[in-house]
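Just below is one structure, and these are the notes that go with it.
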Amino acid sequence: MDQHLTEIVIFTVLFLLVSGMGFVAARWRRPETLASLDEWGLGGRSFGSWITWFLVGGDLYTAYTFVAVPALLWGAGATGFFAVPYTIVVYPIVFLVLIRLWSVSHVHGFVTPADFVRARFGSPTLALLIAITGIVATMPYIALQLVGIEAVLKSMGVTGHLPIVIAFAILAAYTYQSGLRAPALIAFVKDTLIYVVILVAIIAIPAQLGGWDSIFDAAQAKFDATPAPGDGILLNGNNQLQYVTLALGSALALFLYPHSITGVLASKNRDVIKRNMSALPAYSLLLGLIALLGYMAIAAGVKPIVTEGKPDNNTIVPQLFDQMFPDWFTGVAYAAIGIGALVPAAIMSIAAANLFTRNIYREYLKPDASDADEARVSKIVSLLVKVGAVLCILFLDTGFSIDLQLIGGVIILQTLPAVALGLYTRWFHRGGLIVGWIAGMTSGMLLLYNIGNPATGKLHFAGSAFPLEKLGLDTTMTIYAGVLALAVNLAVAALGTVVARAAKVADGGDATRPDHYVADQGDPRVKDLDLTH
Amino acid sequence: MTTPNGDRSDRSPWNWLLIVPIILPLLPFLYNSDEPRLLGFPLFYWLQLAFIAVGVTGTTIVYQMTKRRR
């Protein structure tokens with residue numbers, strides 16, 4: 001631990017600095033009161049292009065991503081690079097969708113995707129399913145942010161869970177006080193640090209390793225030497241379908257996550273969102289370069305830290321920094337990752353708390369809840385959510401959180417018919433959407449359960465690449481389980497809709513009108529929309 | 001409640017341009033190759049990174065062309 005003293009000091013100083021910012025954030029762009037979800041949970045719905053860029057960028061490109069994606073390339077090669085096509089296709093896909101969601105939410109005062117579903121399909125049950133899906137998918141994602149911090153702490157020789165508990169307690173306290181303003185303000189520091197670290201890394205490290213040519217050649221040599229058939233610096237015939245379906249499926253899922261929607265709804269008008277669809281890919285470039293740190297680690301001969309006999313691949317990037325950078329800069333890089341975990345963790349806990357407040361508490365427990373009641377409940381739930389995430393890390397195997405996050409991606413995709421397609425069409429019957437959701441969730445779980453990995457001896461939940469031969473197809477190709485489950489969901493939802501219409505099952509009303517989907521800042525809003533009638 | 005410009009919509013032929021950056025990155029046969037290398041990067045890596053520029057260009061053009069006149 002002594003040889004890491006400089007790193008620990010710099011890490012701690014930067015960490016405390018942003019924590020201070022988190023508390024001060026309550027006064028930033030100060031509203032009359034923070035006691036409503038519009039203020040506490042959405043920052044007053046007033047963020048301009050720059051703040052939104054930092055906030056959403058810091059929200060989507062998490063610390064875990066920055067640690068796990070290079071670890072994937074380090075371990076398996078080209079398949080890990082799916083993160084790049086994934087984060088390219090997502091923006092043109094959601095460009096037109098998100099502005100409709102923003103508009104209808106602006107008019108009706110929606111805070112969560114489930115609020116929208118409630119009003120669009122007139123079904124509290126469907127809204128409840130959407131809310132629960134969102135909460136369940138978000139929880140392990142928060143836990144994984146802790147994994148990012150843990151990887152850094154391990155590399156500094158800091159062991160035990162106490163430091164993580166302290167870090168999360170601080171995070172919980174300032175999120176409670178400042179709401180979405182805290183991560184919005186901290187995101188400026190986090191992203192600046194990350195950009196600086198990565199810029200230095202991609203210039204300085206290849207120079208020390210003999211250039212990019214030799215980095216890629218070293219990676220190829222490593223994969224050639226392993227018996228595993230799927231690795232290499234290029235894709236092979238069997239994993240190309242998995243590569244593109246995983247990229248596409250992940251892209252479709254990204255903006256269904258409650259925390260992404262929270263970031264979008266906090267922006268002040270449609271232009272802010274459109275501009276960000278062009279500006280956010282700067283982070284994709286960053287992520288692509290970060291991914292290549294995995295190959296640099298191969299060329300530099302970096303070994304992961306082994307705890308209790310198990311190598312932790314997530315320590316690859318921190319170990320690379322430790323080996324290549326002077327101590328003080330390694331400290332800065334570690335702080336960037338550590339702080340990088342705080343921004344998404346804060347937004348995710350706010351988003352999960354808002355879902356509980358709007359779609360469970362207000363819907364079922366206290367229909368006449370005031371704005372202040374809602375803010376109070378959300379603040380408390382955001383604390384509980386973080387306690388839950390810490391407990392996950394303390395008492396469950398880290399591998400279990402990763403499994404849960406894998407499942408999270410598949411299940412959040414099952415909200416696509418109601419949330420994303422719902423923004424365009426009211427054709428689906430609420431009953432059809434409910435049975436579609438059940439079918440999609442069930443088939444998704446079955447598919448994931450049946451994915452094993454012979455190399456690690458793991459029989460179930462060993463990844464998201466489903467071998468098509470298990471469906472009786474004569475092929476060795478694999479496909480992303482999420483898109484298969486979504487296909488089942490859509491087919492059942494469509495069938496259910498036709499059946500429900502034929503059987504004249506009562507459908508819910510639609511509280512939205514076509515012009516609500518194109519409204520902009522300054523247009524009239526439906527005030528105090530009563531969702532209970 | 002009425003909205004002032006009831007006839008406005010998000011429809012525009014420019015929107016079709018968004019298809020390009022959605023399709024390109026999902027066609028592995030375009031980039032799944034080592035050669036030609038650029039600055040030491042195999043095609044697989046530099047071409048996919050270059051698609052980011054295609055995405056930015058596409059969304060920027062659509063935004064500029066569909067901006068509402070205030």
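So you can find residues: chains in the structure tokens are A, B, ... in the order shown, residues in each start at 1, and ligands are numbered from 1 in order.
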task = From a DSSP pass on the backbone, collect the residues of stretch 345-430 of chain A flagged as alpha helix (DSSP H) and hand them back as a ChimeraX atom specification.
result = /A:345-356,371-395,398-413,416-419,430
- request: For stretch 43-52 of chain B, list every protein, DNA or RNA residue within 10 Å, evaluated using only C-alpha atoms, and leave out those in the same chain fewer than 4 positions away; present the list as a VMD selection string.
  value: (chain A and resid 78 81 to 82 84 to 85 87 to 89 233 to 235 278 281 to 289 292) or (chain B and resid 20 to 22 24 to 26 28 to 39 56 to 58)
Test item: residues at most 10 Å from A:Ala169, only C-alpha atoms, excluding those fewer than 5 positions along its chain, as an mmCIF file with N, CA and C atoms, in the first residue's frame:
```
data_model
loop_
_atom_site.group_PDB
_atom_site.id
_atom_site.type_symbol
_atom_site.label_atom_id
_atom_site.label_comp_id
_atom_site.auth_asym_id
_atom_site.auth_seq_id
_atom_site.Cartn_x
_atom_site.Cartn_y
_atom_site.Cartn_z
ATOM 1 N N PRO A 163 -13.958 1.289 2.357
ATOM 2 C CA PRO A 163 -13.841 2.497 1.518
ATOM 3 C C PRO A 163 -15.022 2.670 0.571
ATOM 4 N N ILE A 164 -15.522 1.550 0.014
ATOM 5 C CA ILE A 164 -16.667 1.633 -0.905
ATOM 6 C C ILE A 164 -17.921 2.074 -0.168
ATOM 7 N N TYR A 174 -25.186 13.488 -0.797
ATOM 8 C CA TYR A 174 -25.371 14.672 -1.634
ATOM 9 C C TYR A 174 -26.428 14.496 -2.717
ATOM 10 N N THR A 175 -26.689 13.246 -3.134
ATOM 11 C CA THR A 175 -27.813 13.046 -4.055
ATOM 12 C C THR A 175 -29.119 13.370 -3.339
ATOM 13 N N LEU A 383 -32.000 6.787 -1.382
ATOM 14 C CA LEU A 383 -31.074 6.266 -0.360
ATOM 15 C C LEU A 383 -31.168 4.742 -0.280
ATOM 16 N N LYS A 386 -29.456 2.881 -3.054
ATOM 17 C CA LYS A 386 -27.994 2.803 -2.925
ATOM 18 C C LYS A 386 -27.583 1.801 -1.856
ATOM 19 N N VAL A 387 -28.350 1.750 -0.765
ATOM 20 C CA VAL A 387 -28.062 0.734 0.255
ATOM 21 C C VAL A 387 -28.170 -0.649 -0.376
ATOM 22 N N VAL A 390 -25.103 -1.425 -2.432
ATOM 23 C CA VAL A 390 -23.945 -1.763 -1.594
ATOM 24 C C VAL A 390 -24.090 -3.171 -1.026
#
```
### Task
Write out as number ranges by chain which residues come within 9 Å of A:Gly331 when counting only C-alpha atoms, dropping same-chain ones fewer than 3 positions away.
A: 4, 6-12, 156, 322, 326-328, 334-336
Would you export the selected residues with N, CA and C atoms as a short mmCIF file (atom, residue, chain, number, x, y, z; two decimals), in the first residue's frame, please?
```
data_model
loop_
_atom_site.label_atom_id
_atom_site.label_comp_id
_atom_site.auth_asym_id
_atom_site.auth_seq_id
_atom_site.Cartn_x
_atom_site.Cartn_y
_atom_site.Cartn_z
N HIS A 4 1.84 2.99 -3.18
CA HIS A 4 0.72 3.65 -3.87
C HIS A 4 0.30 4.94 -3.17
N THR A 6 1.18 8.14 -3.22
CA THR A 6 0.88 9.31 -4.04
C THR A 6 -0.48 9.16 -4.73
N GLU A 7 -0.71 7.96 -5.30
CA GLU A 7 -1.98 7.71 -5.99
C GLU A 7 -3.15 7.89 -5.03
N ILE A 8 -3.00 7.31 -3.84
CA ILE A 8 -4.11 7.35 -2.88
C ILE A 8 -4.41 8.80 -2.47
N VAL A 9 -3.34 9.59 -2.25
CA VAL A 9 -3.55 10.97 -1.83
C VAL A 9 -4.28 11.75 -2.92
N ILE A 10 -3.82 11.64 -4.18
CA ILE A 10 -4.46 12.38 -5.27
C ILE A 10 -5.89 11.92 -5.48
N PHE A 11 -6.10 10.61 -5.43
CA PHE A 11 -7.45 10.06 -5.58
C PHE A 11 -8.38 10.64 -4.51
N THR A 12 -7.89 10.62 -3.27
CA THR A 12 -8.73 11.09 -2.16
C THR A 12 -9.06 12.57 -2.27
N MET A 156 -4.82 0.13 -6.04
CA MET A 156 -4.04 0.97 -5.13
C MET A 156 -3.68 0.20 -3.87
N ASP A 322 -1.00 2.03 -13.91
CA ASP A 322 0.00 1.96 -12.85
C ASP A 322 1.38 1.68 -13.43
N PRO A 326 3.50 7.96 -14.45
CA PRO A 326 4.06 8.33 -13.15
C PRO A 326 2.95 8.29 -12.10
N ASP A 327 3.34 8.10 -10.86
CA ASP A 327 2.37 7.89 -9.79
C ASP A 327 1.28 8.97 -9.71
N TRP A 328 1.70 10.23 -9.82
CA TRP A 328 0.71 11.30 -9.64
C TRP A 328 -0.36 11.24 -10.73
N TYR A 334 -7.06 7.21 -11.80
CA TYR A 334 -7.92 6.44 -10.89
C TYR A 334 -9.09 7.28 -10.41
N ALA A 335 -8.79 8.55 -10.12
CA ALA A 335 -9.86 9.44 -9.67
C ALA A 335 -10.91 9.59 -10.77
N ALA A 336 -10.44 9.68 -12.04
CA ALA A 336 -11.38 9.81 -13.15
C ALA A 336 -12.34 8.63 -13.19
#
```
query = DSSP on the backbone: what in stretch 248-397 of chain A comes out strand (DSSP E or B), as a PyMOL selection string?
reply = chain A and resi 267+305-307+310-312
Nearest to A:Ile261 among A:Tyr141, A:Phe110, A:Trp40, A:Tyr243, with distances taken over only C-alpha atoms: which residue is it?
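Comparing A:Tyr141, A:Phe110, A:Trp40, A:Tyr243 against A:Ile261, the winner is A:Phe110.
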